[in-house]
Amino acid sequence: MIVGLNEVNALRTQLEPAMLERVDAAADHVAAAKERGGRVAVVTGSGPNLHEGVTTLIAELMRLGVVDAVTTSSAVVSHEMGGTLDKVKRFPGKLVGIAPSLLPRGGEFELTVMDDATLAQIARHMPVDMALIDRMRGVDGKTIIKAAGNLGYPMGLWLEQLSREIGVLARSCGLSFEEVAGLGADARTMIGIGARKGLPVLVTIPQLVGGGCVGLNIGDSISLCERATRLAHMLDSADVIIESAVVLTQEVHDGPLERYTGHGLWSAWQGHYSYSLEGKKLIRIDLDPTLDTVCKVEREGRAVQTAIADGLPKTKFFKVPFRMEMSGFARHEGSMAIIGDIGMVWPIMASRIAERLGLALEFISYPQQTASGKAMREAIVSEVKPLDREQMLDGLLRRNGASPRAGERKTQPDELRLTV
């Protein structure tokens with residue numbers, strides 16, 4: 001879905017002038033980095049990044065060569081395996097005979113709304129209770145768009161079962177879960193385009209818990225030491241790091257192998273691999289105004305650094321809710337806090353980057369509560385497909401130098417784009 005210039009300009013008028021100035025400056029930092037041959041990494045959370053179309057926009061920026069690496073959560077990987085967003089019919093589980101002890105709070109159960117071809121594909125690999133589905137189709141309920149897979153039957157159960165197979169394949173091939181799953185994922189997902197272009201997409205250690213068994217199998221696919229090292233190399237190579245609605249980033253941007261904030265001191269001391277954030281640009285999109293407050297206090301009087309030097313608890317020192325990632329971020333001279341809705345910030349930033357670099361965006365996100373945002377979400381539901389197991393296995397065979405299995409259908413073309 002293409003958002004017109006007038007719509008993006010309308011979004012610009014809704015941001016505070018100071019924050020709009022920062023969004024433009026952030027876009028210019030990204031464009032300048034790409035113009036000099038630099039690299040850009042994006043650190044994403046889940047939740048709003050999916051619902052606002054941001055992960056799909058990041059996949060488009062990866063396709064265009066703007067974004068070179070991504071870290072994310074296991075929940076996002078799980079949802080991208082299911083097609084990013086899907087429609088579910090929600091109703092009381094007791095109406096179809098689901099045991100109350102199995103149901104989440106509220107007692108609701110969900111039927112994944114899918115076409116016959118997708119259902120048949122799942123049924124080839126997992127027993128599907130068609131009698132249950134018929135009962136679910138027959139009861140009254142509410143149809144909504146939500147993050148794909150999750151608690152919907154049969155998609156959520158299928159992804160949990162498939163994740164165990166992917167975990168085994170990943171360990172047997174010396175790959176991460178994300179790499180293997182990406183081989184079968186839609187090209188309009190971050191893991192899908194990452195696999196096609198050889199770009200790293202990795203779940204961070206603090207974000208491993210999510211997506212049910214998908215998260216567990218992601219965590220088991222490679223060791224924590226290897227994951228930390230891969231993430232460190234990814235951030236080491238980046239000139240600009242954008243953090244998008246994500247928490248616990250102290251263990252991401254200044255993790256166990258990073259020297260500039262001190263956490264990687266002893267690794268470096270002993271001659272092990274480490275890296276430094278010095279000289280990099282950190283851009284964080286966040287709704288919490290406290291982040292901006294702490295950054296201003298640090299810029300004006302180095303209060304955060306003073307508190308650390310004196311061994312003072314920062315929460316009491318500043319008398320504000322102090323999240324741990326604020327420490328390294330506020331002290332970094334290259335940090336920039338953008339306080340705003342990612343649904344508004346990303347399309348403004350992406351359109352300016354594309355204009356600066358002379359690129360044509362074939363997809364751009366829009367706030368989900370707007371008419372264009374609702375159309376965007378419908379397009380993602382209808383066009384971004386769930387992970388294709390056969391495609392994944394063929395891709396793994398090709399990667400390992402073997403021929404694809406005879407009779408299997410071809411992989412998706414890279415040029416598939418969203419249309420409305």
# chains A, B, ... in the order shown; residues from 1 in each chain; ligands from 1
$ residues_around --residues "stretch 346-353 of chain A" --least-positions-apart "2" --cutoff "6 Å" --atoms "only C-alpha atoms" --output "JSON, numbers by chain"
{"A": [23, 27, 31, 342, 344, 355, 356, 365]}
$ write_last_selection --atoms "C-alpha atoms" --output "short mmCIF file (atom, residue, chain, number, x, y, z; two decimals), in the first residue's frame"
data_model
loop_
_atom_site.label_atom_id
_atom_site.label_comp_id
_atom_site.auth_asym_id
_atom_site.auth_seq_id
_atom_site.Cartn_x
_atom_site.Cartn_y
_atom_site.Cartn_z
CA VAL A 23 12.44 12.71 13.21
CA ALA A 27 16.13 10.33 8.78
CA ALA A 31 20.48 8.74 4.71
CA ILE A 342 5.81 4.75 16.17
CA MET A 344 3.32 8.20 13.06
CA GLU A 355 13.38 10.91 -0.79
CA ARG A 356 16.96 11.64 0.28
CA SER A 365 2.94 1.98 7.14
#
$ residues_around --residues "A:Leu257" --least-positions-apart "4" --cutoff "8 Å" --atoms "only C-alpha atoms" --output "ChimeraX atom specification"
/A:228-229,232,263-265,267-268,273-275
$ write_last_selection --atoms "N, CA and C atoms" --output "mmCIF file, in the first residue's frame"
data_model
loop_
_atom_site.group_PDB
_atom_site.id
_atom_site.type_symbol
_atom_site.label_atom_id
_atom_site.label_comp_id
_atom_site.auth_asym_id
_atom_site.auth_seq_id
_atom_site.Cartn_x
_atom_site.Cartn_y
_atom_site.Cartn_z
ATOM 1 N N ALA A 228 24.797 -13.773 21.852
ATOM 2 C CA ALA A 228 25.354 -12.501 22.279
ATOM 3 C C ALA A 228 26.447 -12.026 21.330
ATOM 4 N N THR A 229 27.282 -12.961 20.872
ATOM 5 C CA THR A 229 28.374 -12.592 19.968
ATOM 6 C C THR A 229 27.848 -12.174 18.607
ATOM 7 N N ALA A 232 26.423 -8.765 18.989
ATOM 8 C CA ALA A 232 27.488 -7.785 19.134
ATOM 9 C C ALA A 232 28.116 -7.445 17.783
ATOM 10 N N HIS A 263 30.458 -2.753 30.201
ATOM 11 C CA HIS A 263 30.027 -4.131 30.419
ATOM 12 C C HIS A 263 30.974 -5.152 29.784
ATOM 13 N N GLY A 264 31.650 -4.764 28.726
ATOM 14 C CA GLY A 264 32.545 -5.699 28.049
ATOM 15 C C GLY A 264 34.003 -5.554 28.446
ATOM 16 N N LEU A 265 34.268 -4.830 29.523
ATOM 17 C CA LEU A 265 35.648 -4.568 29.933
ATOM 18 C C LEU A 265 36.459 -5.835 30.101
ATOM 19 N N SER A 267 35.901 -8.912 29.073
ATOM 20 C CA SER A 267 36.089 -9.686 27.837
ATOM 21 C C SER A 267 37.245 -9.111 27.040
ATOM 22 N N ALA A 268 37.258 -7.787 26.910
ATOM 23 C CA ALA A 268 38.348 -7.134 26.176
ATOM 24 C C ALA A 268 39.680 -7.326 26.904
ATOM 25 N N TYR A 273 36.625 -11.167 21.982
ATOM 26 C CA TYR A 273 35.966 -10.198 21.111
ATOM 27 C C TYR A 273 35.088 -9.253 21.942
ATOM 28 N N SER A 274 35.141 -7.985 21.588
ATOM 29 C CA SER A 274 34.260 -6.981 22.178
ATOM 30 C C SER A 274 34.086 -5.879 21.140
ATOM 31 N N TYR A 275 33.173 -4.963 21.412
ATOM 32 C CA TYR A 275 32.963 -3.842 20.486
ATOM 33 C C TYR A 275 32.604 -2.602 21.290
#
$ residues_around --residues "A:Leu393" --least-positions-apart "4" --cutoff "9 Å" --atoms "only C-alpha atoms" --output "list of chain:residue names"
A:Val180, A:Leu183, A:Gly184, A:Asp388, A:Arg389, A:Leu397, A:Arg398, A:Pro404, A:Arg405
$ write_last_selection --atoms "N, CA and C atoms" --output "tab-separated table (two decimals), in the first residue's frame"
chain	number	residue	atom	x	y	z
A	180	VAL	N	16.54	-20.34	9.69
A	180	VAL	CA	15.82	-21.45	9.08
A	180	VAL	C	14.37	-21.05	8.80
A	183	LEU	N	13.67	-18.87	5.73
A	183	LEU	CA	13.70	-19.49	4.40
A	183	LEU	C	12.31	-19.82	3.89
A	184	GLY	N	11.35	-20.02	4.80
A	184	GLY	CA	9.99	-20.33	4.39
A	184	GLY	C	9.01	-19.21	4.62
A	388	ASP	N	5.74	-21.22	4.81
A	388	ASP	CA	5.52	-22.38	3.96
A	388	ASP	C	6.59	-23.43	4.29
A	389	ARG	N	6.17	-24.54	4.88
A	389	ARG	CA	7.12	-25.56	5.31
A	389	ARG	C	7.92	-26.14	4.15
A	397	LEU	N	17.74	-27.10	1.84
A	397	LEU	CA	18.49	-28.00	0.98
A	397	LEU	C	19.42	-27.22	0.04
A	398	ARG	N	18.90	-26.15	-0.54
A	398	ARG	CA	19.73	-25.33	-1.43
A	398	ARG	C	20.91	-24.73	-0.65
A	404	PRO	N	16.60	-29.30	-4.52
A	404	PRO	CA	15.26	-29.32	-3.92
A	404	PRO	C	14.56	-30.64	-4.21
A	405	ARG	N	13.63	-31.00	-3.38
A	405	ARG	CA	12.89	-32.23	-3.56
A	405	ARG	C	12.02	-32.16	-4.81
$ residues_around --residues "A:Glu333" --least-positions-apart "6" --cutoff "9 Å" --atoms "only C-alpha atoms" --output "list of chain:residue names"
A:Glu278, A:Gly279, A:Lys280, A:Lys281, A:Leu282, A:Arg299
$ residues_around --residues "stretch 375-379 of chain A" --least-positions-apart "3" --cutoff "9 Å" --atoms "only C-alpha atoms" --output "ChimeraX atom specification"
/A:1,51-53,85-87,145,364-366,368,370-372,382-384,418-420
$ write_last_selection --atoms "N, CA and C atoms" --output "mmCIF file, in the first residue's frame"
data_model
loop_
_atom_site.group_PDB
_atom_site.id
_atom_site.type_symbol
_atom_site.label_atom_id
_atom_site.label_comp_id
_atom_site.auth_asym_id
_atom_site.auth_seq_id
_atom_site.Cartn_x
_atom_site.Cartn_y
_atom_site.Cartn_z
ATOM 1 N N MET A 1 0.847 -1.195 0.000
ATOM 2 C CA MET A 1 0.000 0.000 0.000
ATOM 3 C C MET A 1 0.876 1.237 0.000
ATOM 4 N N HIS A 51 1.329 -4.177 14.832
ATOM 5 C CA HIS A 51 0.002 -3.638 14.563
ATOM 6 C C HIS A 51 0.034 -2.351 13.748
ATOM 7 N N GLU A 52 1.096 -1.581 13.885
ATOM 8 C CA GLU A 52 1.213 -0.340 13.121
ATOM 9 C C GLU A 52 1.869 -0.550 11.758
ATOM 10 N N GLY A 53 2.175 -1.799 11.406
ATOM 11 C CA GLY A 53 2.796 -2.079 10.112
ATOM 12 C C GLY A 53 4.279 -1.764 10.064
ATOM 13 N N LEU A 85 0.005 -10.385 10.573
ATOM 14 C CA LEU A 85 -1.322 -10.150 11.133
ATOM 15 C C LEU A 85 -2.300 -11.149 10.520
ATOM 16 N N ASP A 86 -3.299 -11.550 11.284
ATOM 17 C CA ASP A 86 -4.355 -12.369 10.710
ATOM 18 C C ASP A 86 -5.691 -11.995 11.338
ATOM 19 N N LYS A 87 -6.750 -12.551 10.791
ATOM 20 C CA LYS A 87 -8.087 -12.343 11.346
ATOM 21 C C LYS A 87 -8.466 -13.576 12.157
ATOM 22 N N ILE A 145 -8.720 -8.206 13.775
ATOM 23 C CA ILE A 145 -7.358 -8.381 13.277
ATOM 24 C C ILE A 145 -6.417 -8.318 14.467
ATOM 25 N N ILE A 364 4.393 1.460 2.669
ATOM 26 C CA ILE A 364 4.685 2.326 3.800
ATOM 27 C C ILE A 364 3.570 2.156 4.816
ATOM 28 N N SER A 365 3.932 2.189 6.075
ATOM 29 C CA SER A 365 2.945 1.977 7.142
ATOM 30 C C SER A 365 2.188 3.273 7.409
ATOM 31 N N TYR A 366 1.130 3.120 8.209
ATOM 32 C CA TYR A 366 0.300 4.264 8.565
ATOM 33 C C TYR A 366 -0.375 3.947 9.890
ATOM 34 N N GLN A 368 -2.608 2.734 12.761
ATOM 35 C CA GLN A 368 -3.662 1.736 12.595
ATOM 36 C C GLN A 368 -5.067 2.283 12.810
ATOM 37 N N THR A 370 -6.285 5.057 11.669
ATOM 38 C CA THR A 370 -6.737 5.877 10.547
ATOM 39 C C THR A 370 -7.323 5.001 9.440
ATOM 40 N N ALA A 371 -8.010 5.635 8.505
ATOM 41 C CA ALA A 371 -8.587 4.883 7.384
ATOM 42 C C ALA A 371 -7.493 4.192 6.570
ATOM 43 N N SER A 372 -6.397 4.909 6.311
ATOM 44 C CA SER A 372 -5.294 4.306 5.555
ATOM 45 C C SER A 372 -4.641 3.187 6.351
ATOM 46 N N SER A 382 -4.407 -10.111 4.142
ATOM 47 C CA SER A 382 -4.764 -10.852 2.929
ATOM 48 C C SER A 382 -3.559 -11.255 2.089
ATOM 49 N N GLU A 383 -2.455 -10.510 2.169
ATOM 50 C CA GLU A 383 -1.360 -10.747 1.224
ATOM 51 C C GLU A 383 -0.092 -11.313 1.830
ATOM 52 N N VAL A 384 0.195 -11.046 3.088
ATOM 53 C CA VAL A 384 1.393 -11.617 3.709
ATOM 54 C C VAL A 384 1.034 -13.007 4.223
ATOM 55 N N LEU A 418 3.001 -5.627 -1.299
ATOM 56 C CA LEU A 418 1.649 -5.389 -0.833
ATOM 57 C C LEU A 418 0.906 -4.463 -1.776
ATOM 58 N N THR A 419 -0.333 -4.789 -2.048
ATOM 59 C CA THR A 419 -1.188 -3.903 -2.847
ATOM 60 C C THR A 419 -2.516 -3.757 -2.148
ATOM 61 N N VAL A 420 -3.207 -2.688 -2.445
ATOM 62 C CA VAL A 420 -4.533 -2.454 -1.892
ATOM 63 C C VAL A 420 -5.498 -2.164 -3.043
#
$ select_by_dssp --residues "stretch 82-306 of chain A" --states "helix (DSSP H, G or I)" --output "short mmCIF file (atom, residue, chain, number, x, y, z; two decimals) with N, CA and C atoms, in the first residue's frame"
data_model
loop_
_atom_site.label_atom_id
_atom_site.label_comp_id
_atom_site.auth_asym_id
_atom_site.auth_seq_id
_atom_site.Cartn_x
_atom_site.Cartn_y
_atom_site.Cartn_z
N GLY A 93 -15.06 -19.94 24.77
CA GLY A 93 -14.63 -21.30 24.45
C GLY A 93 -15.59 -22.38 24.90
N LYS A 94 -16.37 -22.09 25.94
CA LYS A 94 -17.30 -23.09 26.44
C LYS A 94 -18.38 -23.42 25.42
N LEU A 95 -18.62 -22.51 24.47
CA LEU A 95 -19.66 -22.75 23.46
C LEU A 95 -19.29 -23.88 22.52
N VAL A 96 -17.99 -24.17 22.42
CA VAL A 96 -17.57 -25.25 21.51
C VAL A 96 -16.94 -26.40 22.28
N PRO A 100 -12.65 -25.23 30.47
CA PRO A 100 -12.34 -23.92 31.05
C PRO A 100 -10.92 -23.83 31.60
N SER A 101 -10.36 -24.94 32.08
CA SER A 101 -9.01 -24.93 32.64
C SER A 101 -7.95 -24.64 31.58
N LEU A 102 -8.28 -24.83 30.30
CA LEU A 102 -7.33 -24.56 29.22
C LEU A 102 -7.38 -23.12 28.72
N ASP A 116 -9.06 -21.94 2.25
CA ASP A 116 -9.00 -23.40 2.22
C ASP A 116 -7.59 -23.91 1.91
N ALA A 117 -6.86 -23.17 1.07
CA ALA A 117 -5.52 -23.63 0.69
C ALA A 117 -4.58 -23.63 1.90
N THR A 118 -4.66 -22.59 2.72
CA THR A 118 -3.81 -22.53 3.90
C THR A 118 -4.19 -23.60 4.90
N LEU A 119 -5.49 -23.81 5.08
CA LEU A 119 -5.95 -24.86 5.98
C LEU A 119 -5.48 -26.23 5.50
N ALA A 120 -5.56 -26.46 4.20
CA ALA A 120 -5.12 -27.74 3.64
C ALA A 120 -3.63 -27.94 3.83
N GLN A 121 -2.87 -26.85 3.71
CA GLN A 121 -1.42 -26.95 3.91
C GLN A 121 -1.10 -27.37 5.34
N ILE A 122 -1.79 -26.77 6.30
CA ILE A 122 -1.58 -27.16 7.70
C ILE A 122 -1.98 -28.61 7.92
N ALA A 123 -3.12 -29.01 7.33
CA ALA A 123 -3.64 -30.36 7.53
C ALA A 123 -2.73 -31.43 6.96
N MET A 130 -11.52 -30.93 12.27
CA MET A 130 -12.50 -30.23 11.43
C MET A 130 -13.86 -30.12 12.10
N ALA A 131 -14.20 -31.10 12.95
CA ALA A 131 -15.47 -31.00 13.69
C ALA A 131 -15.45 -29.80 14.62
N LEU A 132 -14.31 -29.57 15.27
CA LEU A 132 -14.17 -28.40 16.14
C LEU A 132 -14.28 -27.12 15.32
N ILE A 133 -13.62 -27.11 14.16
CA ILE A 133 -13.68 -25.92 13.31
C ILE A 133 -15.11 -25.65 12.86
N ASP A 134 -15.84 -26.70 12.50
CA ASP A 134 -17.24 -26.51 12.10
C ASP A 134 -18.06 -25.92 13.24
N ARG A 135 -17.82 -26.39 14.48
CA ARG A 135 -18.55 -25.83 15.62
C ARG A 135 -18.16 -24.37 15.83
N MET A 136 -16.90 -24.06 15.65
CA MET A 136 -16.42 -22.68 15.83
C MET A 136 -17.02 -21.75 14.78
N ARG A 137 -17.14 -22.26 13.58
CA ARG A 137 -17.74 -21.44 12.51
C ARG A 137 -19.21 -21.18 12.77
N GLY A 138 -19.85 -22.08 13.53
CA GLY A 138 -21.29 -21.97 13.72
C GLY A 138 -21.73 -21.11 14.88
N MET A 155 -3.90 -22.09 13.56
CA MET A 155 -2.61 -21.49 13.23
C MET A 155 -1.66 -21.46 14.43
N GLY A 156 -2.15 -21.05 15.60
CA GLY A 156 -1.27 -20.97 16.75
C GLY A 156 -0.67 -22.31 17.13
N LEU A 157 -1.50 -23.35 17.13
CA LEU A 157 -1.02 -24.70 17.46
C LEU A 157 -0.03 -25.19 16.41
N TRP A 158 -0.32 -24.91 15.14
CA TRP A 158 0.57 -25.34 14.05
C TRP A 158 1.95 -24.71 14.19
N LEU A 159 2.00 -23.42 14.51
CA LEU A 159 3.29 -22.74 14.64
C LEU A 159 4.08 -23.30 15.81
N GLU A 160 3.40 -23.62 16.91
CA GLU A 160 4.09 -24.22 18.06
C GLU A 160 4.71 -25.56 17.67
N GLN A 161 3.95 -26.39 16.94
CA GLN A 161 4.47 -27.70 16.55
C GLN A 161 5.58 -27.56 15.52
N LEU A 162 5.38 -26.68 14.55
CA LEU A 162 6.40 -26.47 13.53
C LEU A 162 7.69 -25.94 14.14
N SER A 163 7.57 -25.14 15.20
CA SER A 163 8.77 -24.55 15.81
C SER A 163 9.71 -25.63 16.35
N ARG A 164 9.16 -26.75 16.80
CA ARG A 164 10.01 -27.83 17.29
C ARG A 164 10.84 -28.43 16.15
N GLU A 165 10.20 -28.59 15.00
CA GLU A 165 10.93 -29.11 13.83
C GLU A 165 12.00 -28.12 13.40
N ILE A 166 11.66 -26.85 13.38
CA ILE A 166 12.63 -25.82 12.98
C ILE A 166 13.81 -25.81 13.94
N GLY A 167 13.52 -25.96 15.24
CA GLY A 167 14.60 -26.01 16.23
C GLY A 167 15.58 -27.14 15.96
N VAL A 168 15.06 -28.31 15.62
CA VAL A 168 15.91 -29.46 15.31
C VAL A 168 16.74 -29.18 14.06
N LEU A 169 16.10 -28.65 13.02
CA LEU A 169 16.81 -28.34 11.78
C LEU A 169 17.92 -27.31 12.02
N ALA A 170 17.61 -26.30 12.81
CA ALA A 170 18.59 -25.25 13.08
C ALA A 170 19.82 -25.81 13.78
N ARG A 171 19.60 -26.62 14.82
CA ARG A 171 20.73 -27.19 15.55
C ARG A 171 21.54 -28.15 14.69
N SER A 172 20.86 -28.91 13.83
CA SER A 172 21.58 -29.87 13.00
C SER A 172 22.39 -29.20 11.91
N CYS A 173 21.99 -27.97 11.53
CA CYS A 173 22.70 -27.26 10.45
C CYS A 173 23.61 -26.15 10.96
N PHE A 177 17.47 -20.40 14.67
CA PHE A 177 16.06 -20.66 14.35
C PHE A 177 15.57 -19.62 13.35
N GLU A 178 15.92 -18.36 13.56
CA GLU A 178 15.45 -17.27 12.72
C GLU A 178 15.88 -17.45 11.26
N GLU A 179 17.11 -17.93 11.06
CA GLU A 179 17.60 -18.15 9.69
C GLU A 179 16.80 -19.24 8.99
N VAL A 180 16.54 -20.34 9.69
CA VAL A 180 15.82 -21.45 9.08
C VAL A 180 14.37 -21.05 8.80
N ALA A 181 13.70 -20.47 9.79
CA ALA A 181 12.31 -20.06 9.59
C ALA A 181 12.18 -19.04 8.47
N GLY A 182 13.15 -18.15 8.36
CA GLY A 182 13.11 -17.12 7.32
C GLY A 182 13.09 -17.69 5.91
N MET A 190 10.30 -9.49 8.07
CA MET A 190 11.72 -9.22 8.32
C MET A 190 12.54 -10.51 8.23
N ILE A 191 12.03 -11.62 8.80
CA ILE A 191 12.80 -12.86 8.72
C ILE A 191 12.84 -13.37 7.29
N GLY A 192 11.76 -13.15 6.53
CA GLY A 192 11.71 -13.63 5.14
C GLY A 192 12.67 -12.89 4.23
N ILE A 193 12.64 -11.57 4.27
CA ILE A 193 13.54 -10.80 3.40
C ILE A 193 14.98 -10.93 3.89
N GLY A 194 15.15 -11.10 5.21
CA GLY A 194 16.50 -11.31 5.73
C GLY A 194 17.13 -12.57 5.17
N ALA A 195 16.36 -13.65 5.11
CA ALA A 195 16.87 -14.91 4.57
C ALA A 195 17.18 -14.78 3.09
N ARG A 196 16.34 -14.06 2.35
CA ARG A 196 16.55 -13.93 0.91
C ARG A 196 17.78 -13.08 0.59
N LYS A 197 18.04 -12.07 1.40
CA LYS A 197 19.14 -11.15 1.12
C LYS A 197 20.38 -11.41 1.97
N ILE A 205 18.62 -11.48 23.61
CA ILE A 205 18.51 -12.35 24.77
C ILE A 205 17.38 -11.92 25.71
N PRO A 206 17.20 -10.62 26.00
CA PRO A 206 16.07 -10.26 26.87
C PRO A 206 14.70 -10.52 26.25
N GLN A 207 14.64 -10.68 24.92
CA GLN A 207 13.37 -10.86 24.24
C GLN A 207 13.10 -12.31 23.82
N CYS A 213 6.08 -21.78 22.63
CA CYS A 213 7.18 -22.71 22.33
C CYS A 213 8.09 -22.19 21.23
N VAL A 214 7.60 -21.26 20.43
CA VAL A 214 8.48 -20.67 19.41
C VAL A 214 9.66 -20.01 20.10
N GLY A 215 9.39 -19.23 21.15
CA GLY A 215 10.47 -18.57 21.88
C GLY A 215 11.44 -19.57 22.50
N LEU A 216 10.90 -20.65 23.06
CA LEU A 216 11.76 -21.66 23.67
C LEU A 216 12.67 -22.29 22.62
N ASN A 217 12.13 -22.59 21.45
CA ASN A 217 12.93 -23.21 20.40
C ASN A 217 13.91 -22.24 19.77
N ILE A 218 13.56 -20.97 19.73
CA ILE A 218 14.54 -19.96 19.30
C ILE A 218 15.71 -19.94 20.28
N GLY A 219 15.38 -19.93 21.57
CA GLY A 219 16.43 -19.89 22.58
C GLY A 219 17.33 -21.10 22.57
N ASP A 220 16.77 -22.26 22.24
CA ASP A 220 17.55 -23.49 22.23
C ASP A 220 18.34 -23.70 20.93
N SER A 221 18.08 -22.90 19.91
CA SER A 221 18.70 -23.16 18.60
C SER A 221 20.19 -22.86 18.59
N LEU A 224 23.53 -19.06 24.29
CA LEU A 224 23.46 -17.65 24.66
C LEU A 224 24.76 -16.93 24.29
N CYS A 225 25.89 -17.61 24.46
CA CYS A 225 27.17 -16.97 24.11
C CYS A 225 27.24 -16.67 22.63
N GLU A 226 26.81 -17.64 21.81
CA GLU A 226 26.83 -17.39 20.36
C GLU A 226 25.85 -16.30 19.98
N ARG A 227 24.66 -16.31 20.61
CA ARG A 227 23.67 -15.27 20.30
C ARG A 227 24.21 -13.89 20.67
N ALA A 228 24.80 -13.77 21.85
CA ALA A 228 25.35 -12.50 22.28
C ALA A 228 26.45 -12.03 21.33
N THR A 229 27.28 -12.96 20.87
CA THR A 229 28.37 -12.59 19.97
C THR A 229 27.85 -12.17 18.61
N ARG A 230 26.86 -12.90 18.10
CA ARG A 230 26.26 -12.51 16.81
C ARG A 230 25.63 -11.12 16.90
N LEU A 231 24.91 -10.88 18.00
CA LEU A 231 24.28 -9.57 18.18
C LEU A 231 25.34 -8.48 18.29
N ALA A 232 26.42 -8.77 18.99
CA ALA A 232 27.49 -7.78 19.13
C ALA A 232 28.12 -7.45 17.78
N HIS A 233 28.37 -8.46 16.97
CA HIS A 233 28.92 -8.20 15.62
C HIS A 233 27.95 -7.36 14.80
N MET A 234 26.66 -7.66 14.93
CA MET A 234 25.65 -6.92 14.19
C MET A 234 25.68 -5.44 14.55
N LEU A 235 25.71 -5.15 15.84
CA LEU A 235 25.71 -3.76 16.29
C LEU A 235 27.06 -3.10 16.07
N ASP A 236 28.12 -3.87 16.15
CA ASP A 236 29.46 -3.35 15.89
C ASP A 236 29.56 -2.80 14.47
N GLN A 250 19.15 -1.96 27.48
CA GLN A 250 20.49 -1.86 28.06
C GLN A 250 21.27 -3.13 27.76
N GLU A 251 20.57 -4.26 27.73
CA GLU A 251 21.24 -5.52 27.42
C GLU A 251 21.31 -5.77 25.92
N VAL A 252 20.91 -4.77 25.13
CA VAL A 252 21.06 -4.86 23.68
C VAL A 252 22.16 -3.92 23.24
N HIS A 253 21.89 -2.60 23.33
CA HIS A 253 22.89 -1.67 22.78
C HIS A 253 24.15 -1.58 23.63
N LEU A 265 34.27 -4.83 29.52
CA LEU A 265 35.65 -4.57 29.93
C LEU A 265 36.46 -5.84 30.10
N TRP A 266 35.91 -6.80 30.84
CA TRP A 266 36.73 -7.97 31.16
C TRP A 266 36.88 -8.90 29.96
N SER A 267 35.90 -8.91 29.07
CA SER A 267 36.09 -9.69 27.84
C SER A 267 37.24 -9.11 27.04
N ALA A 268 37.26 -7.79 26.91
CA ALA A 268 38.35 -7.13 26.18
C ALA A 268 39.68 -7.33 26.90
N TRP A 269 39.65 -7.23 28.23
CA TRP A 269 40.85 -7.38 29.05
C TRP A 269 41.53 -8.73 28.79
N PRO A 289 7.93 9.98 28.12
CA PRO A 289 8.62 11.27 28.19
C PRO A 289 9.73 11.30 29.22
N THR A 290 9.73 10.33 30.16
CA THR A 290 10.81 10.28 31.15
C THR A 290 12.15 10.08 30.48
N LEU A 291 12.18 9.34 29.38
CA LEU A 291 13.43 9.13 28.66
C LEU A 291 14.02 10.46 28.22
N ASP A 292 13.19 11.33 27.69
CA ASP A 292 13.66 12.64 27.25
C ASP A 292 14.12 13.48 28.44
N THR A 293 13.38 13.37 29.54
CA THR A 293 13.74 14.12 30.75
C THR A 293 15.13 13.72 31.23
N VAL A 294 15.39 12.42 31.32
CA VAL A 294 16.68 11.93 31.79
C VAL A 294 17.79 12.35 30.83
N CYS A 295 17.52 12.29 29.53
CA CYS A 295 18.53 12.71 28.55
C CYS A 295 18.88 14.19 28.71
N LYS A 296 17.86 15.03 28.93
CA LYS A 296 18.10 16.47 29.11
C LYS A 296 18.92 16.74 30.36
N VAL A 297 18.58 16.03 31.45
CA VAL A 297 19.33 16.21 32.70
C VAL A 297 20.80 15.82 32.50
N GLU A 298 21.02 14.75 31.78
CA GLU A 298 22.39 14.31 31.53
C GLU A 298 23.14 15.30 30.64
N ARG A 299 22.47 15.80 29.61
CA ARG A 299 23.12 16.76 28.71
C ARG A 299 23.51 18.04 29.45
N GLU A 300 22.65 18.45 30.38
CA GLU A 300 22.88 19.72 31.06
C GLU A 300 23.91 19.63 32.18
N GLY A 301 24.00 18.48 32.84
CA GLY A 301 24.92 18.44 33.98
C GLY A 301 25.56 17.10 34.26
N ALA A 303 24.36 14.33 35.07
CA ALA A 303 23.84 13.81 36.33
C ALA A 303 23.81 12.30 36.36
N VAL A 304 23.52 11.67 35.23
CA VAL A 304 23.50 10.20 35.20
C VAL A 304 24.90 9.66 35.45
N GLN A 305 25.88 10.24 34.76
CA GLN A 305 27.25 9.79 34.94
C GLN A 305 27.72 10.04 36.37
N THR A 306 27.30 11.17 36.95
CA THR A 306 27.67 11.49 38.33
C THR A 306 27.09 10.47 39.30
#
$ atom_distance --atom1 "atom CA of A:Gly83" --atom2 "atom CA of A:Ala360"
23.9 Å
$ select_by_dssp --residues "stretch 103-135 of chain A" --states "strand (DSSP E)" --output "ChimeraX atom specification"
/A:108-113
$ write_last_selection --atoms "C-alpha atoms" --output "short mmCIF file (atom, residue, chain, number, x, y, z; two decimals), in the first residue's frame"
data_model
loop_
_atom_site.label_atom_id
_atom_site.label_comp_id
_atom_site.auth_asym_id
_atom_site.auth_seq_id
_atom_site.Cartn_x
_atom_site.Cartn_y
_atom_site.Cartn_z
CA GLU A 108 -12.33 -16.76 25.11
CA PHE A 109 -11.17 -18.99 22.27
CA GLU A 110 -10.25 -18.03 18.71
CA LEU A 111 -10.67 -19.48 15.22
CA THR A 112 -8.09 -18.39 12.69
CA VAL A 113 -9.90 -17.08 9.62
#
$ decode --residues "stretch 267-277 of chain A" --atoms "C-alpha atoms" --output "mmCIF file, in the first residue's frame"
data_model
loop_
_atom_site.group_PDB
_atom_site.id
_atom_site.type_symbol
_atom_site.label_atom_id
_atom_site.label_comp_id
_atom_site.auth_asym_id
_atom_site.auth_seq_id
_atom_site.Cartn_x
_atom_site.Cartn_y
_atom_site.Cartn_z
ATOM 1 C CA SER A 267 36.089 -9.686 27.837
ATOM 2 C CA ALA A 268 38.348 -7.134 26.176
ATOM 3 C CA TRP A 269 40.854 -7.380 29.054
ATOM 4 C CA GLN A 270 41.208 -11.100 28.457
ATOM 5 C CA GLY A 271 41.606 -10.678 24.709
ATOM 6 C CA HIS A 272 38.131 -11.841 23.756
ATOM 7 C CA TYR A 273 35.966 -10.198 21.111
ATOM 8 C CA SER A 274 34.260 -6.981 22.178
ATOM 9 C CA TYR A 275 32.963 -3.842 20.486
ATOM 10 C CA SER A 276 32.275 -0.191 21.281
ATOM 11 C CA LEU A 277 29.296 2.105 20.793
#
